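Source file: target.tsv. Holds: TSV, C-alpha atoms.
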chain	number	residue	atom	x	y	z
A	1	MET	CA	49.21	-100.40	79.76
A	2	ILE	CA	51.32	-101.23	76.69
A	3	ALA	CA	52.99	-97.80	76.61
A	4	LYS	CA	53.83	-98.01	80.32
A	5	HIS	CA	55.41	-101.43	79.81
A	6	ILE	CA	57.45	-100.25	76.80
A	7	ALA	CA	58.63	-97.13	78.64
A	8	THR	CA	59.71	-99.16	81.68
A	9	ARG	CA	61.59	-101.66	79.51
A	10	SER	CA	63.30	-98.85	77.57
A	11	ARG	CA	64.54	-97.31	80.83
A	12	LEU	CA	65.81	-100.72	81.94
A	13	LEU	CA	67.62	-101.08	78.61
A	14	LEU	CA	69.47	-97.82	79.23
A	15	THR	CA	70.25	-98.72	82.85
A	16	ASN	CA	71.68	-102.14	81.98
A	17	GLN	CA	73.97	-101.10	79.14
A	18	PRO	CA	77.47	-102.66	79.42
A	19	ASP	CA	80.58	-100.56	80.01
A	20	ILE	CA	82.28	-100.66	76.59
A	21	SER	CA	85.42	-98.86	77.84
A	22	GLY	CA	86.19	-102.05	79.77
A	23	VAL	CA	87.56	-103.62	76.57
A	24	LEU	CA	90.46	-101.14	76.83
A	25	ARG	CA	90.64	-100.77	80.61
A	26	GLY	CA	90.69	-104.54	81.06
A	27	ARG	CA	87.67	-106.70	81.92
A	28	GLY	CA	87.79	-109.33	84.66
A	29	GLY	CA	85.13	-111.93	85.34
A	30	SER	CA	82.74	-111.00	88.16
A	31	LEU	CA	79.50	-112.06	89.80
A	32	SER	CA	77.49	-109.55	91.80
A	33	GLY	CA	74.13	-109.15	93.50
A	34	SER	CA	72.04	-106.51	95.25
A	35	GLY	CA	68.64	-106.35	96.85
A	36	THR	CA	66.09	-105.11	99.34
A	37	ASP	CA	62.97	-106.73	100.77
A	38	SER	CA	61.00	-105.98	97.57
A	39	LYS	CA	63.53	-106.06	94.72
A	40	GLY	CA	66.80	-107.66	93.71
A	41	LYS	CA	69.38	-107.97	90.95
A	42	LEU	CA	72.01	-110.52	89.92
A	43	SER	CA	74.77	-109.73	87.42
A	44	PHE	CA	77.57	-111.63	85.69
A	45	ASN	CA	80.41	-110.20	83.59
A	46	SER	CA	82.92	-112.31	81.70
A	47	ARG	CA	86.52	-111.32	81.23
A	48	THR	CA	87.66	-110.24	77.77
A	49	MET	CA	88.57	-113.41	75.91
A	50	LYS	CA	91.37	-113.32	73.35
A	51	LEU	CA	90.42	-115.27	70.21
A	52	SER	CA	93.41	-114.39	68.04
A	53	GLY	CA	96.38	-112.01	67.95
A	54	ASP	CA	98.78	-110.89	70.66
A	55	ASP	CA	98.44	-108.92	73.90
A	56	SER	CA	98.20	-105.52	72.18
A	57	SER	CA	95.89	-106.37	69.26
A	58	GLY	CA	93.62	-109.05	67.83
A	59	VAL	CA	90.07	-110.41	67.92
A	60	GLU	CA	88.40	-110.46	71.34
A	61	ALA	CA	84.98	-111.40	72.74
A	62	TRP	CA	83.04	-110.89	75.97
A	63	PHE	CA	79.53	-111.33	77.39
A	64	MET	CA	77.43	-110.32	80.39
A	65	PHE	CA	73.93	-110.63	81.79
A	66	ASN	CA	71.72	-109.04	84.44
A	67	THR	CA	68.48	-110.33	85.88
A	68	SER	CA	66.26	-108.30	88.20
A	69	TRP	CA	62.89	-108.59	89.90
A	70	ALA	CA	60.53	-106.38	91.90
A	71	ARG	CA	57.39	-106.94	93.94
A	72	ASP	CA	54.82	-104.40	95.16
A	73	GLY	CA	51.79	-106.07	96.71
A	74	GLU	CA	50.13	-108.13	93.96
A	75	ALA	CA	52.11	-106.37	91.23
A	76	ARG	CA	55.38	-107.86	90.02
A	77	SER	CA	57.95	-107.33	87.32
A	78	ASP	CA	60.86	-109.44	86.07
A	79	TYR	CA	63.60	-108.42	83.68
A	80	PHE	CA	66.51	-110.22	82.00
A	81	PHE	CA	69.21	-108.51	79.94
A	82	GLY	CA	72.11	-110.15	78.15
A	83	ALA	CA	74.81	-108.75	75.86
A	84	ALA	CA	77.72	-110.17	73.87
A	85	GLY	CA	80.42	-108.30	72.00
A	86	LEU	CA	82.92	-109.31	69.33
A	87	HIS	CA	85.54	-106.74	68.37
A	88	TYR	CA	88.95	-106.17	66.89
A	89	LYS	CA	91.45	-104.44	69.16
A	90	PHE	CA	93.72	-102.42	66.90
A	91	ASN	CA	96.02	-101.34	69.72
A	92	GLU	CA	95.80	-100.32	73.38
A	93	ASN	CA	93.91	-97.16	72.35
A	94	LEU	CA	91.24	-98.41	69.91
A	95	ALA	CA	88.75	-101.27	69.63
A	96	ALA	CA	85.64	-101.61	67.42
A	97	GLY	CA	83.16	-104.38	66.82
A	98	ILE	CA	79.58	-105.70	66.84
A	99	LEU	CA	77.29	-105.79	69.88
A	100	PHE	CA	74.24	-108.05	70.29
A	101	GLU	CA	71.72	-107.54	73.10
A	102	TYR	CA	68.71	-109.61	74.17
A	103	ASP	CA	66.13	-108.83	76.84
A	104	SER	CA	62.87	-110.19	78.21
A	105	ALA	CA	60.40	-108.42	80.45
A	106	THR	CA	57.28	-109.49	82.35
A	107	THR	CA	54.88	-107.09	84.05
A	108	LYS	CA	51.86	-108.35	86.00
A	109	GLU	CA	49.30	-106.28	87.90
A	110	ASP	CA	46.04	-107.87	89.05
A	111	ALA	CA	44.66	-109.80	86.05
A	112	ALA	CA	46.66	-107.83	83.47
A	113	GLU	CA	49.99	-109.19	82.21
A	114	ILE	CA	52.51	-108.36	79.48
A	115	ASN	CA	55.39	-110.62	78.41
A	116	GLY	CA	57.94	-109.51	75.85
A	117	THR	CA	61.28	-110.47	74.34
A	118	GLY	CA	63.48	-108.38	72.08
A	119	TYR	CA	66.89	-107.88	70.55
A	120	LEU	CA	69.23	-105.11	69.45
A	121	ILE	CA	72.33	-105.32	67.25
A	122	GLY	CA	74.81	-102.78	65.93
A	123	PRO	CA	78.35	-101.40	66.03
A	124	TYR	CA	80.31	-100.22	69.06
A	125	ALA	CA	83.71	-98.65	69.60
A	126	ALA	CA	86.01	-97.60	72.44
A	127	VAL	CA	88.82	-95.04	72.17
A	128	LYS	CA	91.52	-94.04	74.66
A	129	LEU	CA	93.36	-90.79	74.08
A	130	PRO	CA	97.09	-91.51	73.72
A	131	ASP	CA	99.10	-90.80	76.88
A	132	GLN	CA	95.88	-89.79	78.67
A	133	SER	CA	93.52	-91.67	81.00
A	134	LEU	CA	90.52	-90.46	79.00
A	135	TYR	CA	88.09	-92.91	77.37
A	136	ILE	CA	85.27	-92.40	74.86
A	137	ASP	CA	82.91	-95.23	73.99
A	138	GLY	CA	79.66	-95.47	72.10
A	139	ARG	CA	77.18	-97.73	70.37
A	140	VAL	CA	74.18	-97.46	67.99
A	141	LEU	CA	71.81	-100.44	67.95
A	142	TRP	CA	68.63	-101.40	66.10
A	143	GLY	CA	66.17	-104.20	66.73
A	144	ALA	CA	62.64	-105.35	67.44
A	145	SER	CA	60.50	-107.02	70.10
A	146	ASP	CA	57.62	-109.50	70.27
A	147	ASN	CA	55.07	-109.13	73.06
A	148	GLU	CA	52.03	-110.93	74.42
A	149	VAL	CA	49.43	-108.65	76.03
A	150	THR	CA	46.72	-109.98	78.37
A	151	PRO	CA	44.82	-106.84	79.46
A	152	PHE	CA	41.99	-108.45	81.44
A	153	GLY	CA	43.16	-112.00	82.07
A	154	THR	CA	40.71	-113.39	79.47
A	155	TYR	CA	42.48	-113.13	76.10
A	156	THR	CA	46.00	-112.54	74.78
A	157	ASP	CA	47.10	-110.38	71.84
A	158	LYS	CA	50.46	-110.43	70.06
A	159	VAL	CA	52.15	-107.04	69.55
A	160	GLN	CA	55.37	-106.20	67.68
A	161	THR	CA	57.62	-103.17	68.09
A	162	GLU	CA	60.70	-101.76	66.39
A	163	ARG	CA	63.35	-100.05	68.49
A	164	MET	CA	66.66	-98.22	68.48
A	165	LEU	CA	69.24	-97.31	71.12
A	166	ALA	CA	72.21	-94.93	71.14
A	167	ASN	CA	74.73	-94.35	73.92
A	168	LEU	CA	77.84	-92.20	74.25
A	169	LYS	CA	80.11	-92.06	77.30
A	170	LEU	CA	83.14	-90.00	78.27
A	171	SER	CA	85.15	-91.05	81.32
A	172	GLY	CA	88.63	-90.62	82.72
A	173	ASP	CA	90.92	-91.13	85.68
A	174	ILE	CA	92.49	-88.21	87.54
A	175	LYS	CA	95.25	-89.55	89.76
A	176	MET	CA	96.03	-87.42	92.81
A	177	GLU	CA	98.64	-88.10	95.49
A	178	ASN	CA	96.42	-90.22	97.75
A	179	PHE	CA	93.28	-90.89	95.73
A	180	ILE	CA	91.77	-91.22	92.25
A	181	LEU	CA	88.84	-89.26	90.81
A	182	THR	CA	86.91	-90.73	87.88
A	183	PRO	CA	84.52	-88.22	86.32
A	184	ASN	CA	82.04	-89.48	83.73
A	185	LEU	CA	79.53	-87.99	81.31
A	186	VAL	CA	76.89	-90.24	79.71
A	187	GLY	CA	74.14	-89.56	77.17
A	188	SER	CA	71.61	-92.28	76.25
A	189	TYR	CA	68.53	-92.44	74.02
A	190	ALA	CA	66.06	-95.21	73.19
A	191	THR	CA	62.94	-95.30	71.06
A	192	ASP	CA	60.38	-98.09	70.67
A	193	GLU	CA	57.55	-97.98	68.11
A	194	GLN	CA	54.50	-100.21	68.63
A	195	GLU	CA	52.59	-101.06	65.48
A	196	GLN	CA	48.84	-100.54	65.22
A	197	TYR	CA	46.85	-103.76	65.70
A	198	THR	CA	43.32	-105.09	66.23
A	199	ASP	CA	42.75	-106.84	69.55
A	200	SER	CA	40.76	-110.02	70.14
A	201	LEU	CA	37.58	-108.00	70.76
A	202	GLY	CA	37.85	-106.21	67.40
A	203	ASN	CA	39.08	-102.90	68.83
A	204	ILE	CA	41.73	-101.00	66.87
A	205	ILE	CA	44.69	-100.23	69.13
A	206	PRO	CA	46.55	-97.23	67.67
A	207	SER	CA	50.29	-97.16	67.15
A	208	GLN	CA	52.44	-95.72	69.93
A	209	THR	CA	55.98	-94.40	70.03
A	210	VAL	CA	57.92	-94.24	73.28
A	211	GLU	CA	61.10	-92.16	73.52
A	212	VAL	CA	63.35	-92.25	76.57
A	213	GLY	CA	66.41	-90.08	77.09
A	214	GLU	CA	68.89	-89.90	79.95
A	215	PHE	CA	71.85	-87.65	80.65
A	216	SER	CA	74.14	-88.10	83.66
A	217	LEU	CA	77.18	-86.32	85.05
A	218	GLY	CA	79.06	-87.82	87.95
A	219	VAL	CA	82.31	-88.53	89.69
A	220	ASP	CA	83.68	-91.57	91.51
A	221	PHE	CA	86.22	-91.37	94.33
A	222	ALA	CA	88.70	-94.12	95.25
A	223	MET	CA	91.30	-93.99	98.05
A	224	PRO	CA	93.66	-96.92	98.73
A	225	ILE	CA	94.22	-97.69	102.43
A	226	ASP	CA	97.19	-99.63	103.70
A	227	ILE	CA	96.37	-102.88	105.52
A	228	LEU	CA	98.37	-105.95	106.54
A	229	THR	CA	97.30	-108.22	103.67
A	230	GLY	CA	95.67	-107.57	100.30
A	231	ASN	CA	94.67	-104.22	98.84
A	232	PHE	CA	91.80	-102.24	100.41
A	233	THR	CA	90.17	-99.25	98.70
A	234	PHE	CA	87.49	-96.93	100.06
A	235	LYS	CA	85.04	-95.84	97.33
A	236	ALA	CA	82.26	-93.30	96.93
A	237	GLY	CA	80.33	-91.78	94.06
A	238	LEU	CA	77.74	-89.14	93.18
A	239	ASP	CA	75.78	-88.76	89.92
A	240	GLY	CA	73.32	-86.12	88.78
A	241	ILE	CA	70.76	-87.58	86.36
A	242	TYR	CA	68.26	-85.96	84.01
A	243	SER	CA	65.71	-88.25	82.35
A	244	SER	CA	62.77	-87.68	80.02
A	245	THR	CA	60.02	-89.95	78.70
A	246	SER	CA	57.73	-89.08	75.80
A	247	ILE	CA	54.78	-91.15	74.53
A	248	SER	CA	53.07	-90.35	71.19
A	249	THR	CA	49.85	-92.15	70.29
A	250	GLY	CA	48.07	-92.59	66.96
A	251	SER	CA	48.28	-90.76	63.64
A	252	GLU	CA	47.29	-87.47	65.29
A	253	ALA	CA	50.39	-87.74	67.48
A	254	THR	CA	48.66	-87.21	70.81
A	255	SER	CA	51.57	-87.08	73.23
A	256	SER	CA	52.51	-86.93	76.88
A	257	SER	CA	55.89	-86.39	78.43
A	258	LEU	CA	57.63	-86.58	81.78
A	259	GLU	CA	60.90	-84.98	82.84
A	260	GLU	CA	62.76	-85.37	86.12
A	261	TRP	CA	66.04	-84.60	87.84
A	262	ARG	CA	67.50	-86.79	90.55
A	263	ALA	CA	70.82	-87.77	92.11
A	264	ARG	CA	72.36	-91.12	92.96
A	265	SER	CA	74.99	-91.69	95.65
A	266	ASN	CA	76.95	-94.71	96.82
A	267	VAL	CA	79.67	-95.50	99.34
A	268	GLY	CA	81.58	-98.72	99.92
A	269	PHE	CA	84.88	-100.53	99.51
A	270	SER	CA	86.79	-102.98	97.36
A	271	TYR	CA	89.23	-105.57	98.66
A	272	GLN	CA	91.70	-107.43	96.45
A	273	ILE	CA	92.55	-110.65	98.24
A	274	ASN	CA	95.16	-111.70	95.70
A	275	GLU	CA	95.87	-111.25	92.00
A	276	ASN	CA	92.98	-113.56	91.07
A	277	ILE	CA	90.22	-112.71	93.57
A	278	ASP	CA	88.69	-109.40	94.62
A	279	MET	CA	85.42	-108.32	96.24
A	280	ASP	CA	83.33	-105.15	96.23
A	281	MET	CA	80.54	-103.93	98.49
A	282	ASP	CA	78.62	-100.66	98.63
A	283	VAL	CA	75.31	-99.17	99.69
A	284	PHE	CA	73.44	-96.86	97.32
A	285	TYR	CA	70.51	-94.46	97.25
A	286	ASP	CA	68.98	-93.45	93.93
A	287	GLY	CA	66.36	-90.69	94.00
A	288	LEU	CA	67.88	-87.75	95.85
A	289	GLY	CA	65.76	-84.72	94.92
A	290	SER	CA	62.84	-86.80	93.67
A	291	ASP	CA	59.57	-86.67	95.60
A	292	ASP	CA	58.16	-90.10	94.74
A	293	LYS	CA	60.74	-92.20	92.87
A	294	TYR	CA	63.64	-93.65	94.80
A	295	SER	CA	65.48	-96.91	95.38
A	296	TYR	CA	68.17	-98.05	97.77
A	297	GLY	CA	70.03	-101.22	98.57
A	298	LEU	CA	73.28	-103.09	99.00
A	299	ASN	CA	75.53	-104.19	96.14
A	300	SER	CA	78.08	-106.95	96.60
A	301	ALA	CA	80.36	-108.50	94.00
A	302	VAL	CA	83.11	-111.09	93.77
A	303	GLY	CA	85.57	-110.94	90.89
A	304	ILE	CA	87.53	-114.01	89.87
A	305	LYS	CA	90.04	-114.10	87.05
A	306	PHE	CA	89.56	-117.24	84.98

Using the file provided, produce a representation of the structure as structure tokens.
Amino acid sequence: MIAKHIATRSRLLLTNQPDISGVLRGRGGSLSGSGTDSKGKLSFNSRTMKLSGDDSSGVEAWFMFNTSWARDGEARSDYFFGAAGLHYKFNENLAAGILFEYDSATTKEDAAEINGTGYLIGPYAAVKLPDQSLYIDGRVLWGASDNEVTPFGTYTDKVQTERMLANLKLSGDIKMENFILTPNLVGSYATDEQEQYTDSLGNIIPSQTVEVGEFSLGVDFAMPIDILTGNFTFKAGLDGIYSSTSISTGSEATSSSLEEWRARSNVGFSYQINENIDMDMDVFYDGLGSDDKYSYGLNSAVGIKF
């Protein structure tokens, strides 16, 4: 139960990581939501806030958060993720700083329940190749989590873990005559180590280490379409994703692992009403090629410069 919870939270950590290249591309404030009849997500992104310096360099800050929920019969899960960054922008091609992340996760199934909160902190950087629309960004973070485990609904144990996350992304814009292609390559890795403990019944619960890796290769397509007012853009995207999960238990390192390939597709539009307000909407399907794991839904977002 504990390992499953840690693995799920590690995958959510990777999925919710902020786009660091936005500090060079330009971040605008936005609020977005998506959902189906059994799950939903709400996200907020701040604009990049200038704290000192001029337009081309100086100290800047930003923050974002996502909250999501899912229901499946009597089982439920809730997840919150927040991140804040403080960096120095050296010029239009380089920024580096410190990233802090906080998350909380609740998983409940029948009488069993796990609640946990955790943090990660570490350096991040974003680089744009001069005279090229090619961006490289990355982060390495370390932290810990505190968890309360109620396996049978009768008693609650406290469990601590130590964790680490690394992420590297390469993305760029290829401008054609009538459209823009944005290929991207992302590699992510997270590990979470649960310490050995003795539960309320006197049983020794061995240590466990969960490792989650994800590698994705994709391309986004954007084509502006002339309309009477505002700016309308048709958008589509396709990503191929490889993910692996490994769980090692106890001093004898008994382990299990799971690997899978899947694809994610989306299609939609963006509409810029004026220089301060824009909106996005798309439908997505995640799980192409997977026999039993898939999700789909509608994303909608409103961006407001403030």

For this session: Find the spatial neighbours of Thr233 (chain A), counting only C-alpha atoms, within a cut-off of 9 Å - ignore same-chain residues fewer than 4 positions away - and output them as a VMD selection string.
Result: chain A and resid 222 to 226 268 to 272

For this session: Determine the nearest neighbour of Ser216 (chain A) from the options A:Ile204, A:Asn274, A:Thr229, A:Pro183, counting all atoms listed in the file.
Result: A:Pro183

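Distances here use all atoms listed in the file; by that measure, the residue among A:Gln17, A:Ser52, A:Thr106, A:Asn167 closest to Ala83 (chain A) is A:Gln17.
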
Problem set entry | Among listed residues A:Gly22, A:Gly202, A:Pro130, A:Gly33, nearest Asp280 (chain A) (using all atoms listed in the file) |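 Ranked by minimum distance to Asp280 (chain A), first place goes to A:Gly33.
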
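Here CA of Tyr79 (chain A) is placed at a distance of 17.7 Å from CA of Leu165 (chain A).
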
Problem set entry | For Leu185 (chain A): contacts at 12 Å, all atoms listed in the file, fewer than 3 positions along chain excluded, given as an NGL selection string | :A and (134-138 or 167-172 or 182 or 188 or 214-220 or 239-242)

Problem set entry | Interatomic distance (Å, one decimal) between CA of Ala105 (chain A) and CA of Ile247 (chain A) | 19.1 Å

For this session: Please provide the set of residues having any atom within 9 Å of region 118-125 of chain A, restricted to all atoms listed in the file, with same-chain residues fewer than 5 positions apart removed, written as a ChimeraX atom specification.
Result: /A:20-21,85,87,94-105,136-147,161,163-165

Keeping only C-alpha atoms, write those residues as an mmCIF file, in the coordinates of the input.
data_model
loop_
_atom_site.group_PDB
_atom_site.id
_atom_site.type_symbol
_atom_site.label_atom_id
_atom_site.label_comp_id
_atom_site.auth_asym_id
_atom_site.auth_seq_id
_atom_site.Cartn_x
_atom_site.Cartn_y
_atom_site.Cartn_z
ATOM 1 C CA ILE A 20 82.280 -100.660 76.590
ATOM 2 C CA SER A 21 85.420 -98.860 77.840
ATOM 3 C CA GLY A 85 80.420 -108.300 72.000
ATOM 4 C CA HIS A 87 85.540 -106.740 68.370
ATOM 5 C CA LEU A 94 91.240 -98.410 69.910
ATOM 6 C CA ALA A 95 88.750 -101.270 69.630
ATOM 7 C CA ALA A 96 85.640 -101.610 67.420
ATOM 8 C CA GLY A 97 83.160 -104.380 66.820
ATOM 9 C CA ILE A 98 79.580 -105.700 66.840
ATOM 10 C CA LEU A 99 77.290 -105.790 69.880
ATOM 11 C CA PHE A 100 74.240 -108.050 70.290
ATOM 12 C CA GLU A 101 71.720 -107.540 73.100
ATOM 13 C CA TYR A 102 68.710 -109.610 74.170
ATOM 14 C CA ASP A 103 66.130 -108.830 76.840
ATOM 15 C CA SER A 104 62.870 -110.190 78.210
ATOM 16 C CA ALA A 105 60.400 -108.420 80.450
ATOM 17 C CA ILE A 136 85.270 -92.400 74.860
ATOM 18 C CA ASP A 137 82.910 -95.230 73.990
ATOM 19 C CA GLY A 138 79.660 -95.470 72.100
ATOM 20 C CA ARG A 139 77.180 -97.730 70.370
ATOM 21 C CA VAL A 140 74.180 -97.460 67.990
ATOM 22 C CA LEU A 141 71.810 -100.440 67.950
ATOM 23 C CA TRP A 142 68.630 -101.400 66.100
ATOM 24 C CA GLY A 143 66.170 -104.200 66.730
ATOM 25 C CA ALA A 144 62.640 -105.350 67.440
ATOM 26 C CA SER A 145 60.500 -107.020 70.100
ATOM 27 C CA ASP A 146 57.620 -109.500 70.270
ATOM 28 C CA ASN A 147 55.070 -109.130 73.060
ATOM 29 C CA THR A 161 57.620 -103.170 68.090
ATOM 30 C CA ARG A 163 63.350 -100.050 68.490
ATOM 31 C CA MET A 164 66.660 -98.220 68.480
ATOM 32 C CA LEU A 165 69.240 -97.310 71.120
#

Problem set entry | Residue with smallest distance to Leu51 (chain A) - pool A:Val267, A:Val283, A:Leu288, A:Leu86, counting only C-alpha atoms |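 Of A:Val267, A:Val283, A:Leu288, A:Leu86, the one nearest Leu51 (chain A) is A:Leu86, counting only C-alpha atoms.
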
Problem set entry | Nearest to Gly82 (chain A) by atom-to-atom distance, counting only C-alpha atoms, from A:Leu13, A:Val212, A:Val23, A:Leu31 |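 Between A:Leu13, A:Val212, A:Val23, A:Leu31, the residue approaching Gly82 (chain A) most closely is A:Leu13.
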
Exercise. Which polymer residues have any atom within 6 Å of an atom of Asn299 (chain A), counting all atoms listed in the file, with same-chain residues fewer than 4 positions away left out, as a ChimeraX atom specification?
Worked result: /A:33-34,281-282

Kindly output region 31-44 of chain A as a CSV table (one decimal), in the frame of the given file, after building N, CA, C and O atoms.
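Full text of result26.csv as output:
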chain,number,residue,atom,x,y,z
A,31,LEU,N,80.9,-111.7,89.5
A,31,LEU,CA,79.5,-112.1,89.8
A,31,LEU,C,79.1,-111.2,90.9
A,31,LEU,O,79.8,-111.0,91.9
A,32,SER,N,77.9,-110.5,90.8
A,32,SER,CA,77.5,-109.6,91.8
A,32,SER,C,76.0,-109.6,92.0
A,32,SER,O,75.2,-110.2,91.2
A,33,GLY,N,75.6,-109.2,93.2
A,33,GLY,CA,74.1,-109.2,93.5
A,33,GLY,C,73.8,-108.0,94.4
A,33,GLY,O,74.6,-107.4,95.1
A,34,SER,N,72.5,-107.6,94.4
A,34,SER,CA,72.0,-106.5,95.2
A,34,SER,C,70.6,-106.8,95.5
A,34,SER,O,69.9,-107.5,94.8
A,35,GLY,N,70.0,-106.1,96.6
A,35,GLY,CA,68.6,-106.4,96.8
A,35,GLY,C,68.1,-105.7,98.1
A,35,GLY,O,68.9,-105.2,98.9
A,36,THR,N,66.8,-105.6,98.2
A,36,THR,CA,66.1,-105.1,99.3
A,36,THR,C,65.0,-106.1,99.6
A,36,THR,O,65.0,-107.2,99.0
A,37,ASP,N,64.0,-105.8,100.5
A,37,ASP,CA,63.0,-106.7,100.8
A,37,ASP,C,62.0,-106.9,99.6
A,37,ASP,O,61.2,-107.8,99.6
A,38,SER,N,62.0,-105.9,98.7
A,38,SER,CA,61.0,-106.0,97.6
A,38,SER,C,61.6,-106.1,96.2
A,38,SER,O,60.9,-106.2,95.2
A,39,LYS,N,62.9,-106.0,96.0
A,39,LYS,CA,63.5,-106.1,94.7
A,39,LYS,C,64.9,-106.6,94.8
A,39,LYS,O,65.6,-106.6,95.9
A,40,GLY,N,65.5,-107.1,93.7
A,40,GLY,CA,66.8,-107.7,93.7
A,40,GLY,C,67.4,-107.7,92.3
A,40,GLY,O,66.7,-107.6,91.3
A,41,LYS,N,68.7,-107.9,92.2
A,41,LYS,CA,69.4,-108.0,91.0
A,41,LYS,C,70.6,-108.9,91.1
A,41,LYS,O,71.3,-108.9,92.1
A,42,LEU,N,70.8,-109.7,90.0
A,42,LEU,CA,72.0,-110.5,89.9
A,42,LEU,C,72.7,-110.3,88.6
A,42,LEU,O,72.0,-110.2,87.5
A,43,SER,N,74.0,-110.1,88.6
A,43,SER,CA,74.8,-109.7,87.4
A,43,SER,C,76.0,-110.6,87.3
A,43,SER,O,76.6,-111.0,88.3
A,44,PHE,N,76.3,-110.9,86.0
A,44,PHE,CA,77.6,-111.6,85.7
A,44,PHE,C,78.3,-110.9,84.5
A,44,PHE,O,77.6,-110.5,83.6
